[in-house]
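Data file: my_file.txt. Format and content: compact mmCIF, C-alpha atoms.
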# COMPACT_ATOMS: atom_id res chain seq x y z
CA MET C 167 87.34 -134.16 -0.49
CA PRO C 168 88.37 -134.35 3.19
CA ARG C 169 87.21 -131.57 5.46
CA LEU C 170 89.81 -129.22 6.94
CA ALA C 171 89.26 -130.65 10.43
CA GLU C 172 89.95 -134.17 9.14
CA LEU C 173 93.16 -133.04 7.42
CA GLN C 174 94.33 -131.30 10.58
CA ALA C 175 93.52 -134.31 12.75
CA GLU C 176 95.47 -136.66 10.47
CA PHE C 177 98.39 -134.23 10.30
CA ALA C 178 98.56 -133.99 14.10
CA ASP C 179 98.14 -137.74 14.61
CA ARG C 180 101.05 -138.62 12.32
CA LEU C 181 103.32 -136.18 14.14
CA LEU C 182 103.49 -138.56 17.10
CA LYS C 183 104.03 -141.69 14.98
CA PRO C 184 107.63 -141.56 13.76
CA ASP C 185 107.40 -144.85 11.85
CA GLU C 186 104.52 -143.72 9.65
CA ALA C 187 104.73 -141.75 6.42
CA PRO C 188 103.46 -138.17 6.26
CA PRO C 189 99.77 -137.73 5.44
CA ASP C 190 98.78 -137.90 1.78
CA SER C 191 97.74 -134.27 2.04
CA VAL C 192 101.41 -133.21 2.42
CA HIS C 193 102.64 -132.24 -1.07
CA GLY C 194 105.66 -130.55 -2.56
CA PRO C 195 107.53 -129.95 -5.81
CA THR C 196 109.33 -133.31 -5.47
CA ALA C 197 108.52 -136.65 -3.90
CA THR C 198 111.18 -136.43 -1.20
CA LEU C 199 111.14 -132.75 -0.21
CA PRO C 200 107.78 -132.73 1.62
CA VAL C 201 108.76 -135.92 3.48
CA LYS C 202 112.00 -134.36 4.69
CA ARG C 203 110.28 -131.16 5.75
CA TYR C 204 107.51 -133.02 7.54
CA ASN C 205 110.02 -135.21 9.38
CA VAL C 206 111.98 -132.17 10.53
CA TYR C 207 108.78 -130.61 11.83
CA ARG C 208 107.79 -133.89 13.49
CA ASN C 209 111.16 -134.22 15.25
CA ASN C 210 111.00 -130.64 16.49
CA HIS C 211 107.42 -131.09 17.67
CA VAL C 212 108.20 -134.24 19.65
CA ALA C 213 111.41 -132.78 21.08
CA SER C 214 109.55 -129.67 22.26
CA LEU C 215 106.89 -131.69 24.05
CA ILE C 216 109.51 -133.84 25.76
CA GLN C 217 111.32 -130.70 26.88
CA ILE C 218 108.05 -129.55 28.46
CA LEU C 219 107.84 -132.85 30.34
CA GLU C 220 111.44 -132.47 31.50
CA ALA C 221 110.71 -128.99 32.85
CA ARG C 222 107.49 -130.19 34.49
CA TYR C 223 109.03 -133.28 36.11
CA PRO C 224 112.63 -132.33 37.04
CA ALA C 225 112.92 -134.76 39.97
CA VAL C 226 111.70 -137.64 37.82
CA LEU C 227 114.26 -136.62 35.20
CA ARG C 228 117.08 -136.65 37.73
CA LEU C 229 116.01 -140.00 39.15
CA ILE C 230 116.04 -141.88 35.84
CA GLY C 231 118.41 -139.85 33.67
CA GLU C 232 117.94 -137.99 30.42
CA GLU C 233 118.12 -140.97 28.02
CA PHE C 234 115.56 -143.07 29.91
CA PHE C 235 113.28 -140.06 30.40
CA ARG C 236 113.27 -139.13 26.73
CA GLY C 237 112.61 -142.69 25.63
CA MET C 238 109.73 -142.97 28.08
CA GLY C 239 108.51 -139.52 27.07
CA ARG C 240 108.23 -140.53 23.41
CA LEU C 241 106.10 -143.52 24.33
CA TYR C 242 103.99 -141.36 26.62
CA LEU C 243 103.30 -138.93 23.77
CA GLN C 244 102.01 -141.76 21.62
CA ALA C 245 99.79 -143.07 24.43
CA CYS C 246 98.65 -139.69 25.78
CA PRO C 247 98.98 -136.97 23.13
CA PRO C 248 98.06 -133.39 24.06
CA HIS C 249 94.30 -132.88 24.07
CA SER C 250 94.31 -129.11 24.48
CA PRO C 251 96.11 -126.19 22.85
CA VAL C 252 96.84 -124.98 26.40
CA LEU C 253 100.26 -126.46 27.14
CA ALA C 254 99.75 -125.94 30.87
CA GLU C 255 97.27 -128.84 30.70
CA PHE C 256 99.75 -131.23 29.08
CA GLY C 257 101.35 -134.01 31.10
CA GLY C 258 98.69 -134.76 33.70
CA GLU C 259 98.57 -138.49 32.91
CA PHE C 260 102.33 -138.94 33.21
CA ALA C 261 102.26 -140.43 36.72
CA ASP C 262 99.69 -143.07 35.76
CA PHE C 263 101.67 -143.85 32.62
CA ILE C 264 104.83 -144.37 34.69
CA ALA C 265 102.93 -146.65 37.07
CA ALA C 266 102.02 -148.93 34.14
CA PHE C 267 105.42 -148.63 32.38
CA GLU C 268 107.17 -151.95 32.92
CA PRO C 269 110.80 -150.68 32.57
CA ALA C 270 110.15 -148.25 35.46
CA ARG C 271 108.85 -150.90 37.87
CA TYR C 272 112.22 -151.08 39.61
CA LEU C 273 111.51 -147.59 40.99
CA PRO C 274 108.11 -148.15 42.64
CA TYR C 275 108.08 -144.66 44.18
CA LEU C 276 108.52 -142.89 40.83
CA PRO C 277 104.78 -142.45 40.07
CA ASP C 278 104.25 -140.70 43.40
CA VAL C 279 107.18 -138.37 42.74
CA ALA C 280 105.52 -137.53 39.41
CA ARG C 281 102.17 -136.98 41.14
CA LEU C 282 103.85 -134.59 43.55
CA GLU C 283 105.47 -132.61 40.74
CA TRP C 284 102.18 -132.41 38.82
CA LEU C 285 100.47 -130.99 41.91
CA GLN C 286 103.24 -128.40 42.15
CA HIS C 287 102.56 -127.44 38.54
CA LEU C 288 98.81 -127.15 39.20
CA ALA C 289 99.45 -125.12 42.35
CA TYR C 290 101.62 -122.66 40.44
CA HIS C 291 98.75 -121.95 38.01
CA ALA C 292 95.96 -122.00 40.61
CA ALA C 293 93.94 -118.94 41.58
CA ASP C 294 95.27 -116.60 44.25
CA ALA C 295 93.64 -116.47 47.69
CA MET C 296 94.52 -115.03 51.09
CA PRO C 297 95.11 -117.68 53.78
CA ILE C 298 93.84 -117.22 57.31
CA GLY C 299 96.19 -117.05 60.28
CA ALA C 300 96.06 -119.22 63.38
CA GLY C 301 95.05 -116.20 65.41
CA GLU C 302 91.75 -115.91 63.57
CA LEU C 303 90.40 -118.92 65.44
CA ALA C 304 91.40 -117.55 68.85
CA THR C 305 88.17 -115.61 69.30
CA ILE C 306 85.89 -118.56 68.48
CA ALA C 307 84.31 -120.40 71.41
CA LEU C 308 85.85 -123.83 71.98
CA ALA C 309 82.47 -125.53 71.74
CA THR C 310 81.97 -124.03 68.28
CA ILE C 311 85.29 -125.06 66.71
CA PRO C 312 84.29 -128.71 65.98
CA LYS C 313 81.36 -127.34 63.94
CA LEU C 314 83.52 -125.16 61.68
CA ARG C 315 83.62 -125.83 57.95
CA PHE C 316 86.85 -124.71 56.34
CA ARG C 317 87.52 -123.55 52.80
CA LEU C 318 90.74 -124.77 51.19
CA HIS C 319 93.14 -122.68 49.17
CA PRO C 320 92.58 -123.29 45.42
CA SER C 321 96.17 -124.53 45.07
CA VAL C 322 95.99 -127.29 47.70
CA GLY C 323 97.08 -130.76 46.65
CA VAL C 324 98.06 -133.83 48.66
CA VAL C 325 100.00 -137.00 47.87
CA ALA C 326 99.84 -139.78 50.47
CA SER C 327 102.53 -142.27 49.52
CA PRO C 328 103.67 -145.58 51.02
CA TYR C 329 107.18 -144.36 50.18
CA PRO C 330 109.18 -141.41 51.59
CA VAL C 331 108.10 -139.28 48.63
CA VAL C 332 108.90 -135.88 50.17
CA SER C 333 112.42 -136.93 51.16
CA ILE C 334 113.05 -138.42 47.70
CA TRP C 335 111.76 -135.29 45.98
CA GLU C 336 113.70 -132.92 48.24
CA THR C 337 117.10 -134.49 47.69
CA ASN C 338 116.53 -134.71 43.93
CA ARG C 339 115.54 -131.06 43.71
CA ARG C 340 117.59 -129.28 46.38
CA ASP C 341 120.78 -131.24 46.97
CA ASP C 342 123.88 -131.00 44.79
CA THR C 343 124.57 -134.63 45.64
CA VAL C 344 121.58 -136.90 45.99
CA ARG C 345 121.30 -138.36 49.48
CA PRO C 346 120.41 -142.05 49.83
CA ILE C 347 116.84 -142.46 51.07
CA ARG C 348 115.82 -145.72 52.73
CA LEU C 349 112.49 -146.91 51.37
CA ASP C 350 111.83 -148.81 54.59
CA GLN C 351 111.77 -145.58 56.61
CA GLY C 352 108.05 -145.46 55.92
CA GLY C 353 105.55 -143.54 53.85
CA GLU C 354 105.17 -139.77 53.75
CA THR C 355 102.33 -137.41 52.95
CA ALA C 356 103.12 -134.29 50.96
CA LEU C 357 101.07 -131.10 51.11
CA VAL C 358 101.44 -128.73 48.15
CA VAL C 359 100.09 -125.17 48.35
CA ARG C 360 100.88 -121.72 46.97
CA PRO C 361 99.76 -119.24 49.64
CA GLY C 362 101.78 -116.44 48.04
CA LEU C 363 104.05 -116.23 45.02
CA GLU C 364 105.96 -119.47 45.62
CA VAL C 365 104.73 -123.04 45.63
CA ALA C 366 105.52 -124.73 48.95
CA THR C 367 105.85 -128.47 49.56
CA ARG C 368 106.01 -129.92 53.03
CA LYS C 369 105.70 -133.23 54.82
CA VAL C 370 102.53 -133.35 56.90
CA PRO C 371 101.20 -135.66 59.64
CA PRO C 372 99.52 -139.01 58.89
CA GLY C 373 95.84 -138.70 58.03
CA THR C 374 96.18 -135.23 56.51
CA SER C 375 95.15 -136.49 53.09
CA ALA C 376 91.86 -137.92 54.37
CA PHE C 377 91.30 -134.85 56.55
CA LEU C 378 91.71 -132.36 53.70
CA ALA C 379 89.62 -134.48 51.35
CA ALA C 380 86.80 -134.38 53.91
CA VAL C 381 87.24 -130.63 54.42
CA GLY C 382 87.09 -130.16 50.66
CA GLU C 383 83.78 -132.03 50.59
CA GLY C 384 82.32 -129.51 53.03
CA LEU C 385 82.35 -131.66 56.18
CA HIS C 386 82.72 -129.81 59.47
CA LEU C 387 85.85 -130.20 61.57
CA ALA C 388 84.58 -133.00 63.80
CA GLU C 389 83.40 -135.06 60.81
CA ALA C 390 86.65 -134.49 58.91
CA ALA C 391 88.66 -135.49 61.98
CA GLY C 392 86.62 -138.66 62.37
CA ARG C 393 87.28 -139.66 58.78
CA ALA C 394 90.99 -138.97 59.17
CA GLN C 395 91.17 -141.00 62.39
CA ALA C 396 89.54 -143.92 60.57
CA ALA C 397 92.23 -143.65 57.92
CA SER C 398 95.17 -143.33 60.31
CA ASP C 399 95.56 -144.37 63.93
CA HIS C 400 98.23 -141.66 64.31
CA PHE C 401 96.01 -138.76 63.24
CA ASN C 402 96.04 -135.78 65.59
CA VAL C 403 93.46 -133.14 64.78
CA GLN C 404 95.13 -130.30 66.71
CA MET C 405 98.53 -130.90 65.13
CA THR C 406 97.09 -131.33 61.64
CA LEU C 407 94.89 -128.25 61.80
CA ALA C 408 97.81 -126.16 63.06
CA THR C 409 100.03 -127.55 60.28
CA VAL C 410 97.64 -126.84 57.41
CA ILE C 411 96.83 -123.35 58.69
CA ASP C 412 100.53 -122.59 59.08
CA ALA C 413 101.09 -123.84 55.51
CA GLY C 414 98.47 -121.41 54.20
CA ALA C 415 96.09 -124.16 53.08
CA ILE C 416 92.96 -122.63 54.70
CA VAL C 417 91.44 -119.44 53.31
CA GLY C 418 88.18 -119.22 55.22
CA TYR C 419 85.63 -120.88 57.46
CA MET C 420 81.93 -120.93 58.22
CA ILE C 421 80.26 -121.42 61.58
Structure translated into structure tokens:
Amino acid sequence: MPRLAELQAEFADRLLKPDEAPPDSVHGPTATLPVKRYNVYRNNHVASLIQILEARYPAVLRLIGEEFFRGMGRLYLQACPPHSPVLAEFGGEFADFIAAFEPARYLPYLPDVARLEWLQHLAYHAADAMPIGAGELATIALATIPKLRFRLHPSVGVVASPYPVVSIWETNRRDDTVRPIRLDQGGETALVVRPGLEVATRKVPPGTSAFLAAVGEGLHLAEAAGRAQAASDHFNVQMTLATVIDAGAIVGYMI
């Protein structure tokens, strides 16, 4: 006799396979009644998960439309079913799925828009922390500042895209009428952080992604700046540090 865990696993697996019959463990007073009931439950289950994706990726939804999104969402569920009972963890592979989804190739920036929206979701659920202000560095000797090691806010996330991802996201989330965005205007780097109650998204200078990655690894300011300069010829450490502090992305430092 199958164990309960095996029955549950088969029941859950079939929920995301609309072309397959219900598990043999589904019984009822007639041959057709349990099939109908299971199919109703399956449809509701799939529809609910797609609605979660729609709420989690609203800019992606607006870019491709409801019909395309739901069709892609069904295929995503089959490829990447939920692995946790915590629904806040569901949908993290969506950007990578889009990147490999052939019908979406005509929108090459779409995966980065999805990555940005996933970071916004993570930031919303991240731990709270109090950012430092720019004035806190004013009392530190200039010779000491390059040796500082900064601590990032738990909500910090960065997307460095070859496409104008912030501009695309902004018009698809904030404008009643979507503005045309020229893809040849160049790439953009998005910083996502929740210094208070609201998640903030802003465009940041080139090299910020490499800079914050280095800061997150525990490198001191001079080392992080060197890595960022290697990644971008246009990196400016003073401008970037001022930008990330103003955004609330730094919560502490060590000398």
- Task: Rounded to one decimal place, report the CA of Gly299 in chain C-CA of Asp412 in chain C distance in Å.
- Result: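 Between CA of Gly299 in chain C and CA of Asp412 in chain C the gap is 7.1 Å.
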- Item | Exercise: residues within 10 Å of coordinate (82.6, -130.2, 60.3), counting all atoms listed in the file, as a list of chain:residue names | C:Ile311, C:Pro312, C:Lys313, C:Leu314, C:Arg315, C:Phe316, C:Ala380, C:Val381, C:Glu383, C:Gly384, C:Leu385, C:His386, C:Leu387, C:Ala388, C:Glu389, C:Ala390, C:Ala391, C:Gly392, C:Met420, C:Ile421
- So how many Å separate CA of Phe260 in chain C and CA of Leu285 in chain C, to one decimal? 11.9 Å
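Of the residues listed (C:Ala221, C:Val279, C:Val226, C:Val417), C:Val417 shows the shortest atom-to-atom separation from Ser321 in chain C; distances use all atoms listed in the file.
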- Query: Mind pulling up the distance from CA of Leu318 in chain C to CA of Gly418 in chain C?
  - Reply: 7.3 Å
- Neighbour list for range 213-217 of chain C as a PyMOL selection string, cut-off 10 Å, only C-alpha atoms, skip fewer than 6 positions in-chain: chain C and resi 207+223+235-240+242-243+247-248+253+256-257
- Message: Which residues are close to Ala300 in chain C, i.e. within 9 Å by only C-alpha atoms, leaving aside same-chain residues fewer than 4 positions away? Reply as a PyMOL selection string.
- Response: chain C and resi 304+408+411-412
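For the residues C:Arg360, C:His249, C:Arg228, C:Arg281, ranking by smallest atom-to-atom distance to Ala261 in chain C using all atoms listed in the file places C:Arg281 first.
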